[in-house]
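J.: So here's target_18.txt, just compact mmCIF, C-alpha atoms:
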```txt
# COMPACT_ATOMS: atom_id res chain seq x y z
CA MET A 1 25.03 8.76 3.18
CA LYS A 2 25.11 7.62 -0.41
CA CYS A 3 23.03 9.43 -3.01
CA GLU A 4 20.84 6.35 -3.56
CA GLU A 5 20.01 6.24 0.14
CA VAL A 6 19.20 9.93 0.20
CA LYS A 7 16.77 9.98 -2.74
CA PRO A 8 13.58 8.69 -1.05
CA TYR A 9 14.27 10.98 1.91
CA LEU A 10 14.27 13.92 -0.50
CA MET A 11 10.54 13.19 -0.79
CA SER A 12 9.87 13.20 2.94
CA HIS A 13 11.98 16.36 3.25
CA LEU A 14 10.05 18.00 0.43
CA ASP A 15 6.69 17.04 1.93
CA GLY A 16 7.65 18.00 5.47
CA GLU A 17 7.32 14.43 6.75
CA ILE A 18 10.88 13.90 7.87
CA GLU A 19 12.11 13.59 11.41
CA PRO A 20 14.43 16.39 12.60
CA GLU A 21 17.43 14.10 12.99
CA LYS A 22 17.10 12.80 9.44
CA ARG A 23 16.47 16.29 8.13
CA SER A 24 19.94 17.42 9.31
CA GLU A 25 21.55 14.40 7.65
CA ILE A 26 19.78 15.08 4.35
CA GLU A 27 20.56 18.78 4.45
CA LYS A 28 24.21 18.01 5.16
CA HIS A 29 24.29 15.72 2.14
CA LEU A 30 22.62 18.34 -0.03
CA GLU A 31 25.28 20.88 0.95
CA GLU A 32 27.97 18.50 -0.25
CA CYS A 33 26.32 16.94 -3.31
CA GLU A 34 25.62 19.12 -6.32
CA ASP A 35 23.66 16.45 -8.24
CA CYS A 36 21.24 15.76 -5.39
CA THR A 37 20.78 19.51 -4.79
CA LYS A 38 19.91 20.04 -8.46
CA GLU A 39 17.47 17.17 -8.35
CA TYR A 40 15.92 18.43 -5.14
CA GLN A 41 15.44 21.91 -6.60
CA ALA A 42 13.70 20.42 -9.62
CA PHE A 43 11.39 18.49 -7.28
CA VAL A 44 10.60 21.72 -5.43
CA LYS A 45 9.56 23.36 -8.73
CA LEU A 46 7.49 20.32 -9.68
CA LYS A 47 5.73 20.42 -6.32
CA GLN A 48 5.00 24.13 -6.74
CA GLU A 49 3.42 23.42 -10.12
CA THR A 50 1.33 20.48 -8.92
CA ASP A 51 0.22 22.44 -5.84
CA LYS A 52 -1.24 25.08 -8.15
CA MET A 53 -3.38 22.50 -9.95
CA LYS A 54 -6.87 21.89 -8.65
CA LEU A 55 -9.43 19.40 -9.91
CA ALA A 56 -12.72 20.92 -11.02
CA ASP A 57 -15.57 20.48 -8.56
CA LEU A 58 -19.05 19.23 -9.43
CA SER A 59 -22.15 21.40 -9.32
CA ASP A 60 -24.16 21.57 -6.08
CA GLU A 61 -27.01 19.84 -7.89
CA LEU A 62 -24.88 16.77 -8.55
CA TRP A 63 -23.54 16.70 -5.00
CA ASN A 64 -27.06 17.03 -3.60
CA GLY A 65 -28.25 14.12 -5.72
CA TYR A 66 -25.29 11.92 -4.82
CA TRP A 67 -26.89 10.02 -1.94
CA LYS A 68 -30.08 9.42 -3.93
CA GLY A 69 -27.98 7.86 -6.69
CA VAL A 70 -26.28 5.48 -4.24
CA TYR A 71 -29.62 4.62 -2.62
CA ARG A 72 -31.22 3.91 -5.99
CA ARG A 73 -28.40 1.54 -6.92
CA ILE A 74 -28.87 -0.41 -3.69
CA GLU A 75 -32.63 -0.47 -4.14
CA ARG A 76 -32.30 -1.81 -7.68
CA GLY A 77 -29.79 -4.41 -6.54
CA VAL A 78 -32.24 -5.68 -3.93
CA GLY A 79 -34.99 -5.66 -6.58
CA TRP A 80 -32.91 -7.81 -8.90
CA ILE A 81 -32.12 -10.29 -6.14
CA PHE A 82 -35.82 -10.76 -5.31
CA LEU A 83 -36.73 -10.99 -8.99
CA SER A 84 -34.05 -13.65 -9.54
CA ILE A 85 -35.13 -15.68 -6.49
CA GLY A 86 -38.78 -15.55 -7.63
CA ALA A 87 -37.85 -16.60 -11.17
CA ILE A 88 -35.72 -19.50 -9.91
CA ILE A 89 -38.56 -20.75 -7.67
CA LEU A 90 -41.13 -20.54 -10.49
CA LEU A 91 -38.84 -22.15 -13.06
CA SER A 92 -37.90 -24.97 -10.68
CA PHE A 93 -41.55 -25.62 -9.87
CA GLY A 94 -42.49 -25.54 -13.59
CA ALA A 95 -39.68 -27.98 -14.41
CA TYR A 96 -40.74 -30.30 -11.57
CA GLN A 97 -44.36 -30.30 -12.75
CA PHE A 98 -43.32 -30.89 -16.36
CA PHE A 99 -41.17 -33.91 -15.52
CA LYS A 100 -43.74 -35.28 -13.12
CA GLU A 101 -46.41 -35.25 -15.84
CA LEU A 102 -44.01 -36.41 -18.54
CA LEU A 103 -42.87 -39.45 -16.58
CA ALA A 104 -46.40 -40.31 -15.47
CA ASP A 105 -47.92 -40.04 -18.97
CA PRO A 106 -48.39 -43.58 -20.42
CA ASN A 107 -48.92 -42.18 -23.95
CA ILE A 108 -45.32 -40.93 -24.19
CA SER A 109 -42.83 -43.58 -25.23
CA LEU A 110 -40.03 -44.64 -22.88
CA ILE A 111 -37.33 -43.52 -25.32
CA VAL A 112 -38.68 -39.95 -25.32
CA LYS A 113 -38.82 -39.96 -21.52
CA ILE A 114 -35.20 -41.16 -21.31
CA GLY A 115 -34.03 -38.63 -23.93
CA VAL A 116 -35.69 -35.67 -22.18
CA SER A 117 -34.43 -36.81 -18.77
CA ILE A 118 -30.82 -37.11 -19.98
CA GLY A 119 -31.06 -33.73 -21.71
CA ALA A 120 -32.38 -32.15 -18.49
CA LEU A 121 -29.57 -33.79 -16.50
CA GLY A 122 -27.03 -32.30 -18.91
CA ALA A 123 -28.62 -28.85 -18.56
CA ILE A 124 -28.43 -29.10 -14.74
CA ILE A 125 -24.75 -30.14 -14.88
CA LEU A 126 -23.96 -27.19 -17.20
CA LEU A 127 -25.81 -24.77 -14.93
CA VAL A 128 -24.01 -26.00 -11.81
CA SER A 129 -20.68 -25.79 -13.62
CA ILE A 130 -21.33 -22.19 -14.73
CA VAL A 131 -22.48 -21.12 -11.25
CA ARG A 132 -19.40 -22.76 -9.68
CA GLU A 133 -17.09 -21.04 -12.19
CA ARG A 134 -18.70 -17.65 -11.48
CA LEU A 135 -18.31 -18.15 -7.74
CA PHE A 136 -14.66 -19.15 -8.21
CA LEU A 137 -14.03 -16.09 -10.39
CA CYS A 138 -15.62 -13.81 -7.80
CA LYS A 139 -13.19 -15.14 -5.21
CA THR A 140 -10.04 -15.03 -7.33
CA GLU A 141 -10.63 -12.18 -9.77
CA ARG A 142 -7.51 -10.06 -10.10
CA TYR A 143 -9.29 -6.80 -9.49
CA GLY A 144 -12.09 -8.04 -7.26
CA GLU A 145 -12.64 -6.25 -3.99
CA VAL A 146 -9.81 -7.07 -1.68
CA GLU A 147 -10.30 -7.69 1.97
CA ARG A 148 -7.92 -5.98 4.34
CA MET B 1 -2.48 12.49 13.73
CA LYS B 2 1.13 11.70 14.51
CA ASN B 3 3.68 10.95 11.81
CA VAL B 4 5.72 7.80 11.77
CA TYR B 5 9.33 8.15 10.76
CA LEU B 6 11.84 5.75 9.35
CA THR B 7 14.67 4.55 11.51
CA PRO B 8 17.77 6.72 10.95
CA GLY B 9 20.41 5.20 8.76
CA GLN B 10 18.17 2.62 7.12
CA SER B 11 17.82 2.59 3.39
CA VAL B 12 14.27 2.33 2.16
CA LEU B 13 15.47 1.37 -1.28
CA ASN B 14 17.16 -1.74 -0.06
CA LYS B 15 14.64 -3.06 2.43
CA PRO B 16 11.32 -1.31 2.09
CA GLU B 17 9.54 -4.21 3.76
CA THR B 18 11.22 -3.20 7.04
CA TYR B 19 8.89 -0.26 7.33
CA VAL B 20 5.46 -1.84 7.32
CA TYR B 21 3.32 0.42 9.41
CA ILE B 22 0.64 -1.22 11.48
CA ASP B 23 -1.71 1.19 13.11
CA LYS B 24 -3.05 -0.43 16.26
CA GLU B 25 -3.59 2.63 18.40
CA GLU B 26 -5.58 4.79 16.10
CA LYS B 27 -9.15 3.69 15.72
CA THR B 28 -11.54 5.65 13.62
CA ASP B 29 -14.29 5.50 16.19
CA GLU B 30 -16.82 7.56 14.29
CA ASP B 31 -16.64 5.39 11.16
CA ARG B 32 -16.71 2.23 13.23
CA GLU B 33 -19.76 3.42 15.08
CA LEU B 34 -21.49 4.27 11.79
CA ILE B 35 -20.68 0.84 10.40
CA LEU B 36 -22.00 -0.87 13.53
CA GLN B 37 -25.22 1.10 13.17
CA LEU B 38 -25.38 0.21 9.49
CA LYS B 39 -24.98 -3.48 10.32
CA ARG B 40 -28.02 -3.06 12.56
CA GLY B 41 -29.88 -1.83 9.48
CA LYS B 42 -29.77 1.92 10.03
CA MET B 43 -29.64 3.54 6.60
CA LYS B 44 -29.13 6.96 8.20
CA ALA B 45 -25.69 5.79 9.32
CA PHE B 46 -24.85 4.73 5.79
CA ARG B 47 -25.99 8.07 4.46
CA LYS B 48 -23.68 9.82 6.94
CA LEU B 49 -20.81 7.65 5.76
CA VAL B 50 -21.56 8.45 2.11
CA GLU B 51 -21.87 12.17 2.79
CA LYS B 52 -18.58 12.11 4.69
CA TYR B 53 -16.56 10.37 2.00
CA LYS B 54 -18.32 11.23 -1.26
CA LYS B 55 -15.93 14.05 -2.18
CA PRO B 56 -12.64 12.21 -1.63
CA ALA B 57 -14.18 9.19 -3.39
CA PHE B 58 -15.16 11.25 -6.41
CA PHE B 59 -11.88 13.14 -6.68
CA ILE B 60 -9.74 10.01 -6.33
CA ALA B 61 -11.79 8.30 -9.05
CA LEU B 62 -11.55 11.42 -11.19
CA GLY B 63 -7.77 11.47 -10.83
CA LEU B 64 -7.53 7.81 -11.78
CA VAL B 65 -10.01 7.57 -14.67
CA GLY B 66 -9.79 11.18 -15.87
CA ASN B 67 -13.47 11.57 -16.72
CA ARG B 68 -16.08 13.29 -14.56
CA GLU B 69 -19.13 11.19 -15.50
CA ASP B 70 -17.25 7.92 -15.05
CA ALA B 71 -15.76 9.10 -11.76
CA TYR B 72 -19.22 10.01 -10.46
CA ASP B 73 -20.63 6.61 -11.42
CA ILE B 74 -17.67 4.63 -10.13
CA SER B 75 -17.58 6.40 -6.78
CA GLN B 76 -21.32 5.75 -6.31
CA GLU B 77 -20.84 2.12 -7.29
CA ALA B 78 -18.04 1.84 -4.71
CA PHE B 79 -20.44 2.89 -1.95
CA THR B 80 -22.97 0.36 -3.22
CA ARG B 81 -20.29 -2.35 -2.96
CA VAL B 82 -19.56 -1.21 0.59
CA TYR B 83 -23.20 -1.83 1.45
CA THR B 84 -23.34 -5.24 -0.18
CA SER B 85 -19.95 -6.44 1.15
CA LEU B 86 -20.25 -5.07 4.65
CA GLY B 87 -19.73 -8.51 6.14
CA ARG B 88 -16.21 -8.57 4.68
CA PHE B 89 -15.09 -5.43 6.46
CA ASN B 90 -12.60 -6.03 9.24
CA PRO B 91 -13.44 -3.56 12.03
CA GLN B 92 -9.79 -3.61 13.14
CA HIS B 93 -8.87 -1.63 10.03
CA LYS B 94 -9.72 1.85 8.92
CA PHE B 95 -12.90 2.15 6.90
CA PHE B 96 -11.42 4.43 4.30
CA SER B 97 -8.50 2.08 3.57
CA TRP B 98 -10.99 -0.69 2.83
CA PHE B 99 -13.17 1.65 0.85
CA TYR B 100 -10.17 2.84 -1.14
CA ALA B 101 -9.35 -0.75 -2.10
CA ILE B 102 -12.88 -1.17 -3.49
CA LEU B 103 -12.80 2.17 -5.26
CA SER B 104 -9.38 1.73 -6.84
CA ASN B 105 -10.29 -1.78 -8.01
CA LEU B 106 -13.40 -0.43 -9.71
CA CYS B 107 -11.27 2.27 -11.36
CA LYS B 108 -8.74 -0.33 -12.52
CA ASN B 109 -11.53 -2.51 -13.92
CA HIS B 110 -12.96 0.49 -15.71
CA LEU B 111 -9.59 1.45 -17.22
CA ARG B 112 -8.97 -2.14 -18.24
CA SER B 113 -12.35 -2.49 -19.99
CA ARG B 114 -11.88 0.92 -21.62
CA GLU B 115 -8.52 -0.21 -22.93
CA ILE B 116 -9.91 -3.53 -24.22
CA ARG B 117 -12.87 -1.74 -25.85
CA GLY B 118 -10.55 0.78 -27.47
CA ARG B 119 -8.24 -1.95 -28.73
CA TYR B 120 -11.16 -3.89 -30.17
CA ILE B 121 -12.63 -0.88 -31.94
CA ARG B 122 -9.25 0.09 -33.37
CA SER B 123 -8.89 -3.44 -34.71
CA VAL B 124 -12.25 -3.40 -36.53
CA ASP B 125 -12.53 0.27 -37.39
CA ASP B 126 -9.78 2.58 -38.59
CA ASP B 127 -11.85 5.69 -38.06
CA ALA B 128 -9.79 7.55 -35.46
CA GLU B 129 -12.61 9.88 -34.51
CA MET B 130 -14.94 7.06 -33.64
CA SER B 131 -12.23 5.30 -31.66
CA SER B 132 -11.55 8.37 -29.56
CA GLN B 133 -15.25 8.73 -28.78
CA THR B 134 -15.52 5.16 -27.58
CA ASN B 135 -12.26 5.26 -25.70
CA PRO B 136 -12.04 8.82 -24.42
CA ALA B 137 -8.62 10.01 -23.33
CA PRO B 138 -8.44 11.75 -19.95
CA GLY B 139 -9.69 15.24 -20.73
CA PRO B 140 -8.55 18.63 -19.47
CA ASP B 141 -12.10 19.47 -18.28
CA VAL B 142 -11.15 17.86 -14.99
CA LEU B 143 -9.01 20.89 -14.12
CA MET B 144 -10.30 24.00 -12.41
CA GLU B 145 -7.85 26.34 -14.13
CA ARG B 146 -6.78 25.49 -17.64
CA ASN B 147 -3.53 27.10 -18.69
CA GLU B 148 -0.78 25.72 -20.85
CA ARG B 149 1.39 24.60 -17.92
CA SER B 150 -1.36 22.90 -15.96
CA LEU B 151 -2.68 21.15 -19.07
CA ARG B 152 0.77 19.86 -19.86
CA LEU B 153 1.29 18.71 -16.30
CA TRP B 154 -2.09 16.97 -16.24
CA GLU B 155 -1.30 15.26 -19.51
CA GLU B 156 1.96 13.92 -18.08
CA ILE B 157 0.25 12.74 -14.88
CA SER B 158 -2.40 10.98 -16.96
CA GLU B 159 0.32 9.18 -18.91
CA LEU B 160 2.00 7.80 -15.78
CA PRO B 161 1.74 4.08 -15.01
CA LEU B 162 -1.20 3.47 -12.71
CA GLU B 163 0.81 2.83 -9.55
CA PHE B 164 2.64 6.16 -10.02
CA LYS B 165 -0.48 8.06 -10.98
CA GLU B 166 -2.24 6.69 -7.93
CA ILE B 167 0.38 7.94 -5.52
CA ILE B 168 0.56 11.38 -7.15
CA ILE B 169 -3.23 11.72 -6.91
CA LEU B 170 -3.27 10.70 -3.26
CA LYS B 171 -0.38 12.94 -2.26
CA HIS B 172 -0.89 16.03 -4.38
CA PHE B 173 -4.61 16.23 -4.97
CA GLN B 174 -5.89 14.64 -1.78
CA GLY B 175 -3.07 15.69 0.53
CA TYR B 176 -2.84 12.39 2.41
CA SER B 177 0.15 11.82 4.66
CA TYR B 178 2.65 9.05 3.95
CA LYS B 179 1.17 7.02 6.77
CA GLU B 180 -2.33 7.30 5.35
CA ILE B 181 -1.13 6.40 1.85
CA SER B 182 0.75 3.44 3.29
CA GLN B 183 -2.48 2.18 4.87
CA MET B 184 -4.61 2.85 1.81
CA LEU B 185 -2.29 1.13 -0.64
CA ASN B 186 -1.34 -1.52 1.89
CA ILE B 187 2.36 -1.00 1.24
CA PRO B 188 5.25 -0.21 3.58
CA LEU B 189 6.04 3.41 4.36
CA GLY B 190 9.39 3.05 2.61
CA SER B 191 7.65 1.95 -0.56
CA VAL B 192 5.46 5.05 -0.42
CA MET B 193 8.59 7.21 -0.45
CA SER B 194 10.30 5.18 -3.16
CA ARG B 195 7.21 5.08 -5.37
CA LEU B 196 6.67 8.79 -4.91
CA TYR B 197 10.31 9.43 -5.78
CA TYR B 198 10.12 7.48 -9.03
CA ALA B 199 6.73 8.98 -9.96
CA ARG B 200 8.01 12.51 -9.42
CA LYS B 201 11.27 11.72 -11.16
CA LYS B 202 9.38 10.56 -14.24
CA LEU B 203 7.28 13.71 -14.20
CA LYS B 204 10.32 15.91 -13.64
CA ASP B 205 12.21 14.30 -16.53
CA ASN B 206 9.24 14.64 -18.89
CA LEU B 207 8.57 18.24 -17.89
CA LYS B 208 12.11 19.56 -18.12
CA ASP B 209 11.05 22.28 -20.56
CA ILE B 210 8.49 23.88 -18.25
CA LEU B 211 10.32 23.35 -14.97
CA THR B 212 13.51 25.20 -15.91
```
Take the structure from the file and write it as structure tokens.
T.:
Amino acid sequence: MKCEEVKPYLMSHLDGEIEPEKRSEIEKHLEECEDCTKEYQAFVKLKQETDKMKLADLSDELWNGYWKGVYRRIERGVGWIFLSIGAIILLSFGAYQFFKELLADPNISLIVKIGVSIGALGAIILLVSIVRERLFLCKTERYGEVER
Amino acid sequence: MKNVYLTPGQSVLNKPETYVYIDKEEKTDEDRELILQLKRGKMKAFRKLVEKYKKPAFFIALGLVGNREDAYDISQEAFTRVYTSLGRFNPQHKFFSWFYAILSNLCKNHLRSREIRGRYIRSVDDDAEMSSQTNPAPGPDVLMERNERSLRLWEEISELPLEFKEIIILKHFQGYSYKEISQMLNIPLGSVMSRLYYARKKLKDNLKDILT
């Protein structure tokens, strides 16, 4: 085997995830190749050092409160959804009532009615465009949740 | 859990895509059952799932973002995303692989926004102290034992490119097998070995002084 072919297998040998047949091949190569042996020994030392390292644990208090934290986040999320739906319904109804009265009012000139209507149409188009863009970004965002 | 080995004589460097591992036999029945219960609205099942995976979730996030408070928040947020995106989970796959994708994406987003924030602050404010507070570097308080060697090693791991850091965290700090890492990162088994080789090589080259 060439050195380049052996290199990744040095990892599986080091981590004990190599099949017996391959192990013999790698060990045979290591006996013959001084460079690969040196590299392998350095990897062994590196593994020993990293094995000694441990990440610091959290306090029991934080672990005990973990679930509550997750639950609270979900609860708040649901709260926001309901709040948003309620606000959209009220705003839509308010807008409907406003336009209904505006268009029916004979004291308001036609030019004002047309101007307000066109402005409202523009606002609706902008809103739809922003919502569509957000939905598109959610689907294509580089680091969005991926489905597997 | 059985290991899956590469075919003898094949070079993973040349054709890593040959070694895509598809796990059809192994089904994580317990997780699947919990998810089915959760889909029926049972929050107790979700709590069990959270309790089961909260530690690996936290420690993976800690390894990636290097800050305990952020790791705690991000791991909790990942579980929240699981709850809200449950419909997107494919029951044919392992839950933790899917969860890992969500978690690592949140970590990447966090690192990206931290980097952008840091860059912005450096551009408008030359005060180095303030910049370091807003963009905290991965700190040594994440380690249980703090000696010169481990601090140096942690520093080098923190400096690795994300794809290398990720594989070192999963292998060394979480002890996942190659097969599990392959499923979590959605990469072929050969790529796990190659990536691990290059990550360790970089560490080894940068740590020559303490490894000799």
J.: At a cut-off of 7 Å, can you tabulate as a tab-separated table every residue of chain B near chain A together with its closest atom pair and the distance in Å to one decimal, using all atoms listed in the file and ordering rows by chain then number?
T.:
```
residue	atom	partner	partner_atom	distance
B:Tyr5	CA	A:Glu19	CA	6.1
B:Pro8	CA	A:Lys22	CA	6.3
B:Ser11	CA	A:Glu5	CA	5.4
B:Leu13	CA	A:Glu5	CA	6.8
B:Arg47	CA	A:Trp67	CA	6.8
B:Val50	CA	A:Trp67	CA	6.9
B:Gln76	CA	A:Val70	CA	5.4
B:Phe79	CA	A:Val70	CA	6.8
B:Thr80	CA	A:Ile74	CA	6.0
B:Arg88	CA	A:Glu147	CA	6.6
B:Phe89	CA	A:Glu147	CA	6.9
B:Asn90	CA	A:Arg148	CA	6.8
B:Trp98	CA	A:Arg148	CA	6.3
B:Ala101	CA	A:Val146	CA	6.4
B:Ile102	CA	A:Glu145	CA	5.1
B:Asn105	CA	A:Tyr143	CA	5.3
B:Asn109	CA	A:Tyr143	CA	6.6
B:Val142	CA	A:Ala56	CA	5.3
B:Leu143	CA	A:Leu55	CA	4.5
B:Met144	CA	A:Ala56	CA	4.2
B:Ser150	CA	A:Met53	CA	6.4
B:His172	CA	A:Asp51	CA	6.7
B:Met193	CA	A:Pro8	CA	5.2
B:Ser194	CA	A:Pro8	CA	5.2
B:Tyr197	CA	A:Pro8	CA	5.8
B:Lys204	CA	A:Leu46	CA	6.6
B:Leu211	CA	A:Lys45	CA	6.3
```
J.: Around all the atoms of stretch 23-33 of chain A listed in the file, with 8 Å of room on each side, what axis-aligned box do you get, giving centre and edge lengths in Å to one decimal, as AutoDock Vina command-line options?
T.:
```
--center_x 22.2 --center_y 17.6 --center_z 3.0 --size_x 27.5 --size_y 22.5 --size_z 28.6
```
J.: How many Å lie between atom CA of B:Tyr198 and atom CA of B:Trp154, rounded to one decimal?
T.: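 Value for the atom CA of B:Tyr198-atom CA of B:Trp154 distance: 17.1 Å.
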J.: Tell me, in Å to one decimal, how far atom CA of B:Leu64 is from atom CA of B:Lys165.
T.: 7.1 Å
J.: Smallest atom-to-atom distance to B:Glu163: which of B:Ala199, B:Cys107, B:Val82, B:Leu36, using all atoms listed in the file?
T.: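 Nearest candidate to B:Glu163 out of B:Ala199, B:Cys107, B:Val82, B:Leu36: B:Ala199.
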J.: From the set A:Cys3, A:Ile125, A:Tyr40, A:Lys100, which residue has the shortest atom-to-atom contact distance to A:Lys113, counting only C-alpha atoms?
T.: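 Residue with the minimum atom-to-atom distance to A:Lys113: A:Lys100.
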J.: As an exercise, work out the distance from atom CA of B:Leu170 to atom CA of B:Lys39 in Å and give it to one decimal place.
T.: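 So the two atoms, atom CA of B:Leu170 and atom CA of B:Lys39, lie 29.3 Å apart.
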J.: Using all atoms listed in the file, which residue out of B:Ile168, B:Ile116, B:Gly41, B:Leu185 lies closest to B:Phe99?
T.: B:Leu185
J.: Atoms are missing here; could stretch 45-58 of chain A be completed with N, CA, C and O atoms and written as a PDB file, in the coordinates of the input?
T.:
```
ATOM      1  N   LYS A  45      10.311  22.672  -7.659  1.00  0.00           N
ATOM      2  CA  LYS A  45       9.560  23.360  -8.730  1.00  0.00           C
ATOM      3  C   LYS A  45       8.356  22.521  -9.161  1.00  0.00           C
ATOM      4  O   LYS A  45       7.263  23.044  -9.382  1.00  0.00           O
ATOM      5  N   LEU A  46       8.583  21.215  -9.272  1.00  0.00           N
ATOM      6  CA  LEU A  46       7.490  20.320  -9.680  1.00  0.00           C
ATOM      7  C   LEU A  46       6.353  20.372  -8.652  1.00  0.00           C
ATOM      8  O   LEU A  46       5.171  20.461  -9.002  1.00  0.00           O
ATOM      9  N   LYS A  47       6.744  20.366  -7.387  1.00  0.00           N
ATOM     10  CA  LYS A  47       5.730  20.420  -6.320  1.00  0.00           C
ATOM     11  C   LYS A  47       4.957  21.736  -6.375  1.00  0.00           C
ATOM     12  O   LYS A  47       3.733  21.762  -6.198  1.00  0.00           O
ATOM     13  N   GLN A  48       5.679  22.820  -6.638  1.00  0.00           N
ATOM     14  CA  GLN A  48       5.000  24.130  -6.740  1.00  0.00           C
ATOM     15  C   GLN A  48       3.958  24.096  -7.861  1.00  0.00           C
ATOM     16  O   GLN A  48       2.854  24.603  -7.717  1.00  0.00           O
ATOM     17  N   GLU A  49       4.345  23.491  -8.979  1.00  0.00           N
ATOM     18  CA  GLU A  49       3.420  23.420 -10.120  1.00  0.00           C
ATOM     19  C   GLU A  49       2.202  22.541  -9.802  1.00  0.00           C
ATOM     20  O   GLU A  49       1.073  22.920 -10.090  1.00  0.00           O
ATOM     21  N   THR A  50       2.462  21.381  -9.213  1.00  0.00           N
ATOM     22  CA  THR A  50       1.330  20.480  -8.920  1.00  0.00           C
ATOM     23  C   THR A  50       0.434  21.069  -7.828  1.00  0.00           C
ATOM     24  O   THR A  50      -0.773  20.863  -7.852  1.00  0.00           O
ATOM     25  N   ASP A  51       1.035  21.815  -6.890  1.00  0.00           N
ATOM     26  CA  ASP A  51       0.220  22.440  -5.840  1.00  0.00           C
ATOM     27  C   ASP A  51      -0.754  23.471  -6.404  1.00  0.00           C
ATOM     28  O   ASP A  51      -1.807  23.732  -5.831  1.00  0.00           O
ATOM     29  N   LYS A  52      -0.368  24.066  -7.530  1.00  0.00           N
ATOM     30  CA  LYS A  52      -1.240  25.080  -8.150  1.00  0.00           C
ATOM     31  C   LYS A  52      -2.449  24.445  -8.826  1.00  0.00           C
ATOM     32  O   LYS A  52      -3.465  25.082  -9.030  1.00  0.00           O
ATOM     33  N   MET A  53      -2.296  23.179  -9.215  1.00  0.00           N
ATOM     34  CA  MET A  53      -3.380  22.500  -9.950  1.00  0.00           C
ATOM     35  C   MET A  53      -4.494  22.071  -9.017  1.00  0.00           C
ATOM     36  O   MET A  53      -4.246  21.514  -7.961  1.00  0.00           O
ATOM     37  N   LYS A  54      -5.710  22.340  -9.434  1.00  0.00           N
ATOM     38  CA  LYS A  54      -6.870  21.890  -8.650  1.00  0.00           C
ATOM     39  C   LYS A  54      -7.840  21.178  -9.590  1.00  0.00           C
ATOM     40  O   LYS A  54      -8.059  21.629 -10.713  1.00  0.00           O
ATOM     41  N   LEU A  55      -8.439  20.101  -9.093  1.00  0.00           N
ATOM     42  CA  LEU A  55      -9.430  19.400  -9.910  1.00  0.00           C
ATOM     43  C   LEU A  55     -10.760  20.138  -9.834  1.00  0.00           C
ATOM     44  O   LEU A  55     -11.128  20.671  -8.784  1.00  0.00           O
ATOM     45  N   ALA A  56     -11.450  20.177 -10.954  1.00  0.00           N
ATOM     46  CA  ALA A  56     -12.720  20.920 -11.020  1.00  0.00           C
ATOM     47  C   ALA A  56     -13.808  20.223 -10.203  1.00  0.00           C
ATOM     48  O   ALA A  56     -13.963  19.006 -10.286  1.00  0.00           O
ATOM     49  N   ASP A  57     -14.511  21.021  -9.424  1.00  0.00           N
ATOM     50  CA  ASP A  57     -15.570  20.480  -8.560  1.00  0.00           C
ATOM     51  C   ASP A  57     -16.852  20.236  -9.371  1.00  0.00           C
ATOM     52  O   ASP A  57     -17.012  20.769 -10.465  1.00  0.00           O
ATOM     53  N   LEU A  58     -17.746  19.466  -8.794  1.00  0.00           N
ATOM     54  CA  LEU A  58     -19.050  19.230  -9.430  1.00  0.00           C
ATOM     55  C   LEU A  58     -20.027  20.328  -9.012  1.00  0.00           C
ATOM     56  O   LEU A  58     -19.785  21.039  -8.033  1.00  0.00           O
TER      57      LEU A  58
END
```
